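Below is input36.cif, which holds mmCIF, C-alpha atoms.
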```
data_start
#
loop_
_atom_site.label_atom_id
_atom_site.label_comp_id
_atom_site.auth_asym_id
_atom_site.auth_seq_id
_atom_site.Cartn_x
_atom_site.Cartn_y
_atom_site.Cartn_z
CA MET A 1102 -23.12 29.46 1.38
CA ARG A 1103 -21.57 31.53 -1.40
CA PHE A 1104 -24.23 30.41 -3.91
CA ALA A 1105 -27.39 30.69 -1.82
CA GLY A 1106 -30.29 31.53 -4.12
CA ARG A 1107 -28.11 31.20 -7.22
CA ASN A 1108 -28.79 28.98 -10.21
CA ALA A 1109 -26.23 27.05 -12.24
CA LEU A 1110 -25.90 24.79 -15.26
CA VAL A 1111 -23.01 22.33 -15.46
CA THR A 1112 -22.32 20.31 -18.61
CA GLY A 1113 -20.99 16.79 -18.37
CA ALA A 1114 -22.18 16.67 -14.77
CA SER A 1115 -22.98 12.98 -14.35
CA ARG A 1116 -19.41 11.97 -13.55
CA GLY A 1117 -15.93 13.23 -12.74
CA ILE A 1118 -15.22 16.93 -12.45
CA GLY A 1119 -18.72 17.95 -13.53
CA ARG A 1120 -20.28 15.85 -10.79
CA ALA A 1121 -17.95 17.32 -8.18
CA VAL A 1122 -18.80 20.85 -9.33
CA ALA A 1123 -22.55 20.18 -9.17
CA LEU A 1124 -22.30 18.80 -5.65
CA GLY A 1125 -19.96 21.58 -4.56
CA LEU A 1126 -22.42 24.20 -5.79
CA ALA A 1127 -25.29 22.48 -4.00
CA LYS A 1128 -23.35 22.33 -0.74
CA GLU A 1129 -23.04 26.10 -0.92
CA GLY A 1130 -26.69 26.78 -1.64
CA ALA A 1131 -27.09 26.64 -5.43
CA ASN A 1132 -29.77 25.05 -7.55
CA VAL A 1133 -28.17 22.98 -10.30
CA ALA A 1134 -29.16 21.90 -13.80
CA ILE A 1135 -27.26 18.69 -14.49
CA ASN A 1136 -26.39 18.07 -18.12
CA PHE A 1137 -25.56 14.57 -19.30
CA ARG A 1138 -25.61 12.70 -22.57
CA SER A 1139 -25.22 8.98 -21.95
CA HIS A 1140 -25.10 8.18 -18.21
CA PRO A 1141 -28.71 8.65 -17.03
CA GLU A 1142 -28.48 6.60 -13.84
CA GLU A 1143 -25.37 8.42 -12.68
CA ALA A 1144 -26.94 11.77 -13.57
CA GLU A 1145 -30.05 10.89 -11.56
CA GLN A 1146 -27.86 10.04 -8.59
CA VAL A 1147 -26.17 13.44 -8.84
CA ALA A 1148 -29.62 15.07 -8.87
CA THR A 1149 -30.63 13.06 -5.81
CA ASP A 1150 -27.46 14.13 -4.03
CA VAL A 1151 -28.03 17.79 -4.92
CA ARG A 1152 -31.54 17.62 -3.49
CA SER A 1153 -30.28 15.93 -0.33
CA LEU A 1154 -27.98 18.91 0.15
CA GLY A 1155 -30.97 21.26 0.02
CA GLY A 1156 -30.77 22.46 -3.58
CA GLN A 1157 -33.18 22.09 -6.44
CA ALA A 1158 -31.97 19.90 -9.32
CA ILE A 1159 -33.14 19.22 -12.84
CA LEU A 1160 -31.71 16.87 -15.45
CA VAL A 1161 -31.05 18.30 -18.91
CA GLN A 1162 -30.06 15.53 -21.25
CA GLY A 1163 -28.37 16.52 -24.49
CA ASP A 1164 -25.28 16.44 -26.66
CA VAL A 1165 -23.27 19.65 -26.29
CA ALA A 1166 -22.16 19.28 -29.91
CA ASP A 1167 -25.77 20.07 -30.90
CA GLN A 1168 -26.28 23.85 -30.79
CA ALA A 1169 -30.07 23.65 -30.58
CA ALA A 1170 -29.84 21.14 -27.73
CA VAL A 1171 -27.47 23.39 -25.78
CA GLU A 1172 -29.73 26.40 -26.26
CA GLY A 1173 -32.59 24.24 -25.02
CA MET A 1174 -30.64 23.25 -21.90
CA VAL A 1175 -30.02 26.88 -21.00
CA LYS A 1176 -33.71 27.69 -21.49
CA GLN A 1177 -34.74 24.70 -19.38
CA ALA A 1178 -32.47 25.80 -16.54
CA ALA A 1179 -33.63 29.41 -16.63
CA ASP A 1180 -37.29 28.42 -16.84
CA ALA A 1181 -37.01 25.92 -13.99
CA PHE A 1182 -35.10 28.16 -11.59
CA GLY A 1183 -36.11 31.62 -12.74
CA SER A 1184 -32.63 32.65 -13.88
CA LEU A 1185 -29.20 31.35 -14.87
CA ASP A 1186 -26.42 32.92 -12.83
CA HIS A 1187 -23.52 30.50 -13.36
CA PHE A 1188 -22.46 28.28 -16.24
CA VAL A 1189 -19.70 25.66 -16.27
CA SER A 1190 -18.58 24.22 -19.61
CA ASN A 1191 -17.08 20.91 -18.58
CA ALA A 1192 -18.21 18.30 -21.13
CA ALA A 1193 -15.43 17.04 -23.40
CA TYR A 1194 -14.53 14.11 -25.62
CA SER A 1195 -11.23 12.75 -26.84
CA ASP A 1196 -9.98 9.96 -29.05
CA ARG A 1197 -6.26 9.21 -28.93
CA GLN A 1198 -4.44 8.35 -32.15
CA LEU A 1199 -1.48 9.71 -34.02
CA MET A 1200 -2.64 12.40 -36.41
CA VAL A 1201 -1.54 10.47 -39.49
CA ASP A 1202 -3.54 7.40 -38.42
CA ALA A 1203 -6.53 9.18 -36.91
CA ASP A 1204 -10.04 8.03 -37.61
CA MET A 1205 -11.51 11.30 -38.87
CA ALA A 1206 -14.95 10.62 -37.42
CA GLY A 1207 -13.42 10.46 -33.95
CA PHE A 1208 -11.18 13.45 -34.69
CA ARG A 1209 -14.18 15.56 -35.72
CA ARG A 1210 -16.23 14.32 -32.78
CA THR A 1211 -13.48 15.49 -30.42
CA VAL A 1212 -13.54 18.96 -31.96
CA ASP A 1213 -17.34 19.09 -32.11
CA VAL A 1214 -17.75 18.32 -28.41
CA THR A 1215 -14.67 19.93 -26.92
CA MET A 1216 -14.50 23.13 -28.96
CA TRP A 1217 -17.92 23.72 -30.51
CA GLY A 1218 -19.72 22.37 -27.45
CA ALA A 1219 -17.90 24.85 -25.22
CA PHE A 1220 -18.74 27.70 -27.60
CA TYR A 1221 -22.42 26.80 -27.86
CA GLY A 1222 -22.72 26.72 -24.08
CA LEU A 1223 -20.80 29.93 -23.54
CA ARG A 1224 -22.87 31.76 -26.15
CA ALA A 1225 -26.26 30.53 -24.96
CA ALA A 1226 -25.45 31.17 -21.30
CA ALA A 1227 -24.16 34.66 -22.06
CA GLN A 1228 -27.28 35.48 -24.07
CA GLN A 1229 -29.46 34.41 -21.14
CA MET A 1230 -27.40 36.40 -18.64
CA ILE A 1231 -27.49 39.52 -20.82
CA LYS A 1232 -31.28 39.20 -21.09
CA GLN A 1233 -31.56 38.99 -17.30
CA GLY A 1234 -29.36 42.06 -16.81
CA GLN A 1235 -27.92 40.81 -13.51
CA GLY A 1236 -24.42 39.83 -14.59
CA GLY A 1237 -23.12 36.31 -14.06
CA SER A 1238 -20.07 34.10 -14.07
CA ILE A 1239 -18.88 31.45 -16.50
CA VAL A 1240 -16.07 28.93 -16.20
CA ILE A 1241 -14.62 27.07 -19.16
CA VAL A 1242 -12.80 23.87 -18.21
CA SER A 1243 -9.77 23.71 -20.47
CA SER A 1244 -6.52 21.80 -20.01
CA PRO A 1245 -2.71 22.02 -20.12
CA HIS A 1246 -3.25 20.26 -23.48
CA ALA A 1247 -3.93 23.78 -24.79
CA GLN A 1248 -0.23 24.53 -24.41
CA LEU A 1249 1.48 21.13 -24.37
CA ALA A 1250 1.73 19.28 -27.68
CA ILE A 1251 0.73 15.89 -26.29
CA PRO A 1252 1.16 13.26 -29.02
CA THR A 1253 -1.89 11.21 -30.08
CA ALA A 1254 -4.17 14.04 -28.86
CA MET A 1255 -4.03 16.57 -31.68
CA ALA A 1256 -7.79 17.14 -31.93
CA TYR A 1257 -8.07 17.60 -28.17
CA ASN A 1258 -4.98 19.85 -28.05
CA MET A 1259 -6.38 22.00 -30.87
CA SER A 1260 -9.79 22.25 -29.24
CA LYS A 1261 -8.46 23.25 -25.83
CA ALA A 1262 -6.17 25.87 -27.37
CA ALA A 1263 -9.14 27.30 -29.25
CA ILE A 1264 -11.40 27.55 -26.21
CA ASP A 1265 -8.71 29.35 -24.24
CA HIS A 1266 -8.75 32.19 -26.75
CA MET A 1267 -12.54 31.91 -26.98
CA ALA A 1268 -12.86 32.48 -23.24
CA ARG A 1269 -10.54 35.50 -23.21
CA THR A 1270 -12.37 37.05 -26.16
CA ALA A 1271 -15.70 36.44 -24.46
CA ALA A 1272 -14.39 38.00 -21.26
CA ILE A 1273 -13.67 41.33 -22.96
CA GLU A 1274 -16.89 41.24 -25.00
CA LEU A 1275 -19.01 40.59 -21.90
CA VAL A 1276 -17.28 42.84 -19.38
CA ASP A 1277 -19.81 45.68 -19.82
CA HIS A 1278 -22.56 43.20 -18.93
CA ARG A 1279 -20.73 42.29 -15.70
CA ILE A 1280 -20.39 38.71 -16.87
CA ARG A 1281 -17.06 37.20 -15.88
CA VAL A 1282 -15.46 34.44 -17.97
CA ASN A 1283 -12.54 32.45 -16.61
CA THR A 1284 -10.77 29.23 -17.52
CA VAL A 1285 -9.55 26.39 -15.31
CA TYR A 1286 -6.73 24.01 -16.22
CA PRO A 1287 -7.03 20.66 -14.46
CA GLY A 1288 -3.97 18.46 -14.76
CA TRP A 1289 -4.11 14.67 -14.76
CA ILE A 1290 -7.23 13.98 -12.70
CA ASP A 1291 -8.54 10.60 -11.57
CA THR A 1292 -11.82 10.55 -13.50
CA PRO A 1293 -13.81 7.90 -15.39
CA GLY A 1294 -12.84 9.67 -18.62
CA GLU A 1295 -9.14 9.06 -17.99
CA ARG A 1296 -9.81 5.37 -17.43
CA LYS A 1297 -10.87 5.20 -21.05
CA PHE A 1298 -7.16 5.33 -21.86
CA PHE A 1299 -5.34 3.88 -18.83
CA THR A 1300 -5.54 0.90 -16.49
CA GLU A 1301 -5.57 1.32 -12.71
CA GLU A 1302 -1.90 0.31 -12.63
CA GLN A 1303 -1.00 2.87 -15.30
CA MET A 1304 -2.94 5.57 -13.47
CA GLN A 1305 -1.14 4.90 -10.21
CA ALA A 1306 2.28 4.67 -11.83
CA GLY A 1307 1.61 7.78 -13.89
CA GLY A 1308 0.61 9.71 -10.79
CA GLN A 1309 3.86 8.80 -9.08
CA ALA A 1310 5.80 10.12 -12.08
CA LEU A 1311 4.20 13.57 -11.85
CA PRO A 1312 5.86 16.47 -10.01
CA TRP A 1313 3.33 16.28 -7.15
CA LYS A 1314 3.61 12.48 -7.07
CA ARG A 1315 -0.11 11.79 -7.45
CA LEU A 1316 -3.15 12.35 -9.61
CA GLY A 1317 -5.56 15.14 -8.75
CA THR A 1318 -9.13 14.56 -7.62
CA PRO A 1319 -12.35 15.96 -9.11
CA GLU A 1320 -13.16 17.53 -5.74
CA GLU A 1321 -9.93 19.52 -5.76
CA ILE A 1322 -10.65 20.92 -9.22
CA ALA A 1323 -14.23 21.70 -8.22
CA LYS A 1324 -12.92 23.95 -5.42
CA GLY A 1325 -11.03 26.04 -7.97
CA ILE A 1326 -14.02 26.22 -10.29
CA LEU A 1327 -16.29 27.29 -7.45
CA PHE A 1328 -13.83 30.01 -6.49
CA CYS A 1329 -13.87 31.36 -10.06
CA LEU A 1330 -17.67 31.29 -10.13
CA SER A 1331 -18.08 32.98 -6.76
CA ALA A 1332 -18.06 36.61 -5.71
CA ASP A 1333 -14.67 35.88 -4.09
CA ALA A 1334 -13.28 36.16 -7.64
CA ASP A 1335 -15.23 39.30 -8.56
CA TYR A 1336 -12.07 41.06 -9.79
CA MET A 1337 -11.06 38.12 -11.98
CA THR A 1338 -12.07 37.75 -15.61
CA GLY A 1339 -10.25 36.53 -18.69
CA SER A 1340 -7.87 34.55 -16.48
CA ILE A 1341 -6.62 30.97 -16.33
CA LEU A 1342 -6.45 29.11 -13.02
CA THR A 1343 -3.99 26.23 -13.33
CA MET A 1344 -4.45 23.28 -10.98
CA ASP A 1345 -2.19 20.65 -12.48
CA GLY A 1346 0.20 19.45 -9.77
CA GLY A 1347 3.11 21.00 -11.67
CA VAL A 1348 2.52 19.21 -14.98
CA SER A 1349 3.01 22.46 -16.92
CA LEU A 1350 6.43 22.98 -15.33
CA PRO A 1351 9.60 21.52 -16.92
CA TRP A 1352 9.30 18.55 -14.58
CA TRP A 1353 11.40 16.32 -16.82
CA SER A 1354 14.52 18.28 -15.84
CA ASN A 1355 16.22 17.39 -12.58
CA ARG A 1356 17.52 20.77 -11.55
CA SER A 1357 18.23 19.69 -7.98
CA SER A 1358 21.15 17.63 -9.29
CA GLY A 1359 22.09 20.06 -12.03
CA GLU A 1360 20.94 17.69 -14.79
CA MET A 1361 18.69 18.44 -17.74
#
```

Can you present the structure in this file as structure tokens?
Amino acid sequence: MRFAGRNALVTGASRGIGRAVALGLAKEGANVAINFRSHPEEAEQVATDVRSLGGQAILVQGDVADQAAVEGMVKQAADAFGSLDHFVSNAAYSDRQLMVDADMAGFRRTVDVTMWGAFYGLRAAAQQMIKQGQGGSIVIVSSPHAQLAIPTAMAYNMSKAAIDHMARTAAIELVDHRIRVNTVYPGWIDTPGERKFFTEEQMQAGGQALPWKRLGTPEEIAKGILFCLSADADYMTGSILTMDGGVSLPWWSNRSSGEM
């Protein structure tokens, strides 16, 4: 029960990694504010599951690309639970097109949600934690896209690279307030968001092509996020935890046979 009596806000928590984080926190004693934008029934089910695990849950609907909405979410969570101790920036958006053909509305939407949304949440959560004077922990969900120039994903790549540096800068700015900021890199994870781009057959075949021969699960990534949030990681700030099944390695080279 590492989070007994603690209060958390998770963005993009109706599905995928965000859902797994919310449930993982509840299993270990936390109260959870569940942010969602467009999946109300799934978000309500997450809230029901959190309550069944013994935690309090509230739903905070809003678009993370809207600064005022994000600040409102943080206030709602703190007002409902009495404090905000943990914040997870998980919500993201991505359109996939070659840069030269990209629909600029989708390109800007990707940046607005994935970069600006992460910043708005980080800033508002940090302000609340500073006001409380009790420290806190923040996790930014980034991606190997921050370092790998994946074609058709320029806006997403740019946004993830930006939030990596954002998180490290925040970590040093907040250290005197005892607020830790860390980043987690999930690899290719079997989530509803990925199925926006790939069929079941493509997902399974793609998993087999990865170094670890399978896709990751949201529950696996949630374990890493919970570690970073918990007191077990008290000496860890400004760091990146990579959980990508080896995707960031030079897996295209077959060194066992001496080939490149």

Show which residues sit within 12 Å of Gly1307 in chain A, as a compact mmCIF listing (two decimals) with C-alpha atoms, in the coordinates of the input. Count only C-alpha atoms, and ignore same-chain residues fewer than 3 positions away.
```txt
# COMPACT_ATOMS: atom_id res chain seq x y z
CA TRP A 1289 -4.11 14.67 -14.76
CA ILE A 1290 -7.23 13.98 -12.70
CA ASP A 1291 -8.54 10.60 -11.57
CA GLU A 1295 -9.14 9.06 -17.99
CA PHE A 1299 -5.34 3.88 -18.83
CA THR A 1300 -5.54 0.90 -16.49
CA GLU A 1301 -5.57 1.32 -12.71
CA GLU A 1302 -1.90 0.31 -12.63
CA GLN A 1303 -1.00 2.87 -15.30
CA MET A 1304 -2.94 5.57 -13.47
CA ALA A 1310 5.80 10.12 -12.08
CA LEU A 1311 4.20 13.57 -11.85
CA PRO A 1312 5.86 16.47 -10.01
CA TRP A 1313 3.33 16.28 -7.15
CA LYS A 1314 3.61 12.48 -7.07
CA ARG A 1315 -0.11 11.79 -7.45
CA LEU A 1316 -3.15 12.35 -9.61
CA GLY A 1317 -5.56 15.14 -8.75
CA VAL A 1348 2.52 19.21 -14.98
```

Distance criterion (all atoms listed in the file): nearest to Phe1328 in chain A out of A:Lys1176, A:Lys1297, A:Arg1103, A:Arg1279: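 Nearest to Phe1328 in chain A: A:Arg1103.
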
Residues matched by the PyMOL selection byres ((chain A and resi 1180-1182) around 10) as a PyMOL selection string: chain A and resi 1106-1109+1132-1134+1157-1159+1174-1179+1183-1186

Can you give me, as a CSV table (one decimal) with C-alpha atoms, in the frame of the given file, the residues this file yields under the PyMOL selection byres ((chain A and resi 1241) around 12)?
```
chain,number,residue,atom,x,y,z
A,1111,VAL,CA,-23.0,22.3,-15.5
A,1112,THR,CA,-22.3,20.3,-18.6
A,1119,GLY,CA,-18.7,18.0,-13.5
A,1187,HIS,CA,-23.5,30.5,-13.4
A,1188,PHE,CA,-22.5,28.3,-16.2
A,1189,VAL,CA,-19.7,25.7,-16.3
A,1190,SER,CA,-18.6,24.2,-19.6
A,1191,ASN,CA,-17.1,20.9,-18.6
A,1192,ALA,CA,-18.2,18.3,-21.1
A,1193,ALA,CA,-15.4,17.0,-23.4
A,1215,THR,CA,-14.7,19.9,-26.9
A,1216,MET,CA,-14.5,23.1,-29.0
A,1218,GLY,CA,-19.7,22.4,-27.4
A,1219,ALA,CA,-17.9,24.8,-25.2
A,1220,PHE,CA,-18.7,27.7,-27.6
A,1221,TYR,CA,-22.4,26.8,-27.9
A,1222,GLY,CA,-22.7,26.7,-24.1
A,1223,LEU,CA,-20.8,29.9,-23.5
A,1224,ARG,CA,-22.9,31.8,-26.2
A,1226,ALA,CA,-25.4,31.2,-21.3
A,1238,SER,CA,-20.1,34.1,-14.1
A,1239,ILE,CA,-18.9,31.4,-16.5
A,1240,VAL,CA,-16.1,28.9,-16.2
A,1242,VAL,CA,-12.8,23.9,-18.2
A,1243,SER,CA,-9.8,23.7,-20.5
A,1244,SER,CA,-6.5,21.8,-20.0
A,1261,LYS,CA,-8.5,23.2,-25.8
A,1262,ALA,CA,-6.2,25.9,-27.4
A,1263,ALA,CA,-9.1,27.3,-29.2
A,1264,ILE,CA,-11.4,27.6,-26.2
A,1265,ASP,CA,-8.7,29.4,-24.2
A,1266,HIS,CA,-8.8,32.2,-26.8
A,1267,MET,CA,-12.5,31.9,-27.0
A,1268,ALA,CA,-12.9,32.5,-23.2
A,1269,ARG,CA,-10.5,35.5,-23.2
A,1271,ALA,CA,-15.7,36.4,-24.5
A,1272,ALA,CA,-14.4,38.0,-21.3
A,1281,ARG,CA,-17.1,37.2,-15.9
A,1282,VAL,CA,-15.5,34.4,-18.0
A,1283,ASN,CA,-12.5,32.4,-16.6
A,1284,THR,CA,-10.8,29.2,-17.5
A,1285,VAL,CA,-9.6,26.4,-15.3
A,1286,TYR,CA,-6.7,24.0,-16.2
A,1287,PRO,CA,-7.0,20.7,-14.5
A,1325,GLY,CA,-11.0,26.0,-8.0
A,1326,ILE,CA,-14.0,26.2,-10.3
A,1327,LEU,CA,-16.3,27.3,-7.4
A,1329,CYS,CA,-13.9,31.4,-10.1
A,1330,LEU,CA,-17.7,31.3,-10.1
A,1338,THR,CA,-12.1,37.8,-15.6
A,1339,GLY,CA,-10.2,36.5,-18.7
A,1340,SER,CA,-7.9,34.6,-16.5
A,1341,ILE,CA,-6.6,31.0,-16.3
A,1342,LEU,CA,-6.4,29.1,-13.0
```

Shell around Ala1203 in chain A at 10 Å using all atoms listed in the file, local window under 4 positions removed, as number ranges by chain: A: 1196-1199, 1207-1208, 1253-1256

Output C-alpha atoms for every residue in that selection, as an mmCIF file, in the coordinates of the input.
```
data_model
loop_
_atom_site.group_PDB
_atom_site.id
_atom_site.type_symbol
_atom_site.label_atom_id
_atom_site.label_comp_id
_atom_site.auth_asym_id
_atom_site.auth_seq_id
_atom_site.Cartn_x
_atom_site.Cartn_y
_atom_site.Cartn_z
ATOM 1 C CA ASP A 1196 -9.980 9.960 -29.050
ATOM 2 C CA ARG A 1197 -6.260 9.210 -28.930
ATOM 3 C CA GLN A 1198 -4.440 8.350 -32.150
ATOM 4 C CA LEU A 1199 -1.480 9.710 -34.020
ATOM 5 C CA GLY A 1207 -13.420 10.460 -33.950
ATOM 6 C CA PHE A 1208 -11.180 13.450 -34.690
ATOM 7 C CA THR A 1253 -1.890 11.210 -30.080
ATOM 8 C CA ALA A 1254 -4.170 14.040 -28.860
ATOM 9 C CA MET A 1255 -4.030 16.570 -31.680
ATOM 10 C CA ALA A 1256 -7.790 17.140 -31.930
#
```

Listed atoms of range 1253-1266 of chain A boxed along x, y and z, 8 Å each side, centre and edge lengths in Å, one decimal, as JSON:
```
{"center_x": -6.6, "center_y": 21.7, "center_z": -28.1, "size_x": 25.5, "size_y": 37.0, "size_z": 23.7}
```

Between CA of Leu1160 in chain A and CA of Ile1135 in chain A, distance in Å (one decimal):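 Calculated distance between CA of Leu1160 in chain A and CA of Ile1135 in chain A is 4.9 Å.
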
Point-to-point distance from CA of Pro1351 in chain A to CA of Ala1247 in chain A, Å rounded to tenths: 15.8 Å

The PyMOL selection byres ((chain A and resi 1140) around 10) applied to the shown file, residues as a count of residues only: 14

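Between CA of Gly1156 in chain A and CA of Ala1127 in chain A the interatomic distance comes to 5.5 Å.
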
Could you pull range 1154-1201 of chain A out of the structure just shown and give C-alpha atoms as an mmCIF file, in the first residue's frame?
```cif
data_model
loop_
_atom_site.group_PDB
_atom_site.id
_atom_site.type_symbol
_atom_site.label_atom_id
_atom_site.label_comp_id
_atom_site.auth_asym_id
_atom_site.auth_seq_id
_atom_site.Cartn_x
_atom_site.Cartn_y
_atom_site.Cartn_z
ATOM 1 C CA LEU A 1154 -10.555 -1.326 -4.819
ATOM 2 C CA GLY A 1155 -11.244 0.925 -1.837
ATOM 3 C CA GLY A 1156 -10.166 4.292 -3.230
ATOM 4 C CA GLN A 1157 -12.099 7.456 -3.826
ATOM 5 C CA ALA A 1158 -12.525 8.448 -7.477
ATOM 6 C CA ILE A 1159 -13.710 11.533 -9.297
ATOM 7 C CA LEU A 1160 -14.078 12.156 -13.019
ATOM 8 C CA VAL A 1161 -12.505 15.308 -14.427
ATOM 9 C CA GLN A 1162 -13.490 15.716 -18.037
ATOM 10 C CA GLY A 1163 -11.440 18.104 -20.138
ATOM 11 C CA ASP A 1164 -9.093 18.614 -23.049
ATOM 12 C CA VAL A 1165 -5.478 18.803 -21.864
ATOM 13 C CA ALA A 1166 -4.742 21.189 -24.739
ATOM 14 C CA ASP A 1167 -6.896 23.768 -22.903
ATOM 15 C CA GLN A 1168 -4.793 25.412 -20.182
ATOM 16 C CA ALA A 1169 -7.772 26.681 -18.193
ATOM 17 C CA ALA A 1170 -9.367 23.231 -18.284
ATOM 18 C CA VAL A 1171 -6.185 21.593 -16.996
ATOM 19 C CA GLU A 1172 -5.873 24.108 -14.174
ATOM 20 C CA GLY A 1173 -9.496 23.362 -13.335
ATOM 21 C CA MET A 1174 -8.809 19.610 -13.219
ATOM 22 C CA VAL A 1175 -5.988 20.103 -10.733
ATOM 23 C CA LYS A 1176 -8.199 22.302 -8.559
ATOM 24 C CA GLN A 1177 -11.031 19.770 -8.704
ATOM 25 C CA ALA A 1178 -8.714 16.977 -7.596
ATOM 26 C CA ALA A 1179 -7.196 18.984 -4.749
ATOM 27 C CA ASP A 1180 -10.594 20.220 -3.569
ATOM 28 C CA ALA A 1181 -12.143 16.748 -3.680
ATOM 29 C CA PHE A 1182 -9.328 14.918 -1.903
ATOM 30 C CA GLY A 1183 -7.754 17.676 0.164
ATOM 31 C CA SER A 1184 -4.423 17.628 -1.662
ATOM 32 C CA LEU A 1185 -2.667 16.548 -4.843
ATOM 33 C CA ASP A 1186 0.374 14.390 -4.158
ATOM 34 C CA HIS A 1187 0.978 12.686 -7.514
ATOM 35 C CA PHE A 1188 0.422 13.731 -11.115
ATOM 36 C CA VAL A 1189 0.769 11.590 -14.243
ATOM 37 C CA SER A 1190 0.791 13.301 -17.640
ATOM 38 C CA ASN A 1191 -0.313 10.506 -19.935
ATOM 39 C CA ALA A 1192 -2.778 11.995 -22.449
ATOM 40 C CA ALA A 1193 -1.431 12.240 -25.992
ATOM 41 C CA TYR A 1194 -2.597 12.511 -29.583
ATOM 42 C CA SER A 1195 -0.971 11.637 -32.871
ATOM 43 C CA ASP A 1196 -1.790 11.827 -36.548
ATOM 44 C CA ARG A 1197 0.500 9.931 -38.907
ATOM 45 C CA GLN A 1198 1.432 11.497 -42.245
ATOM 46 C CA LEU A 1199 4.626 12.400 -44.002
ATOM 47 C CA MET A 1200 5.617 15.924 -43.052
ATOM 48 C CA VAL A 1201 5.298 17.224 -46.607
#
```
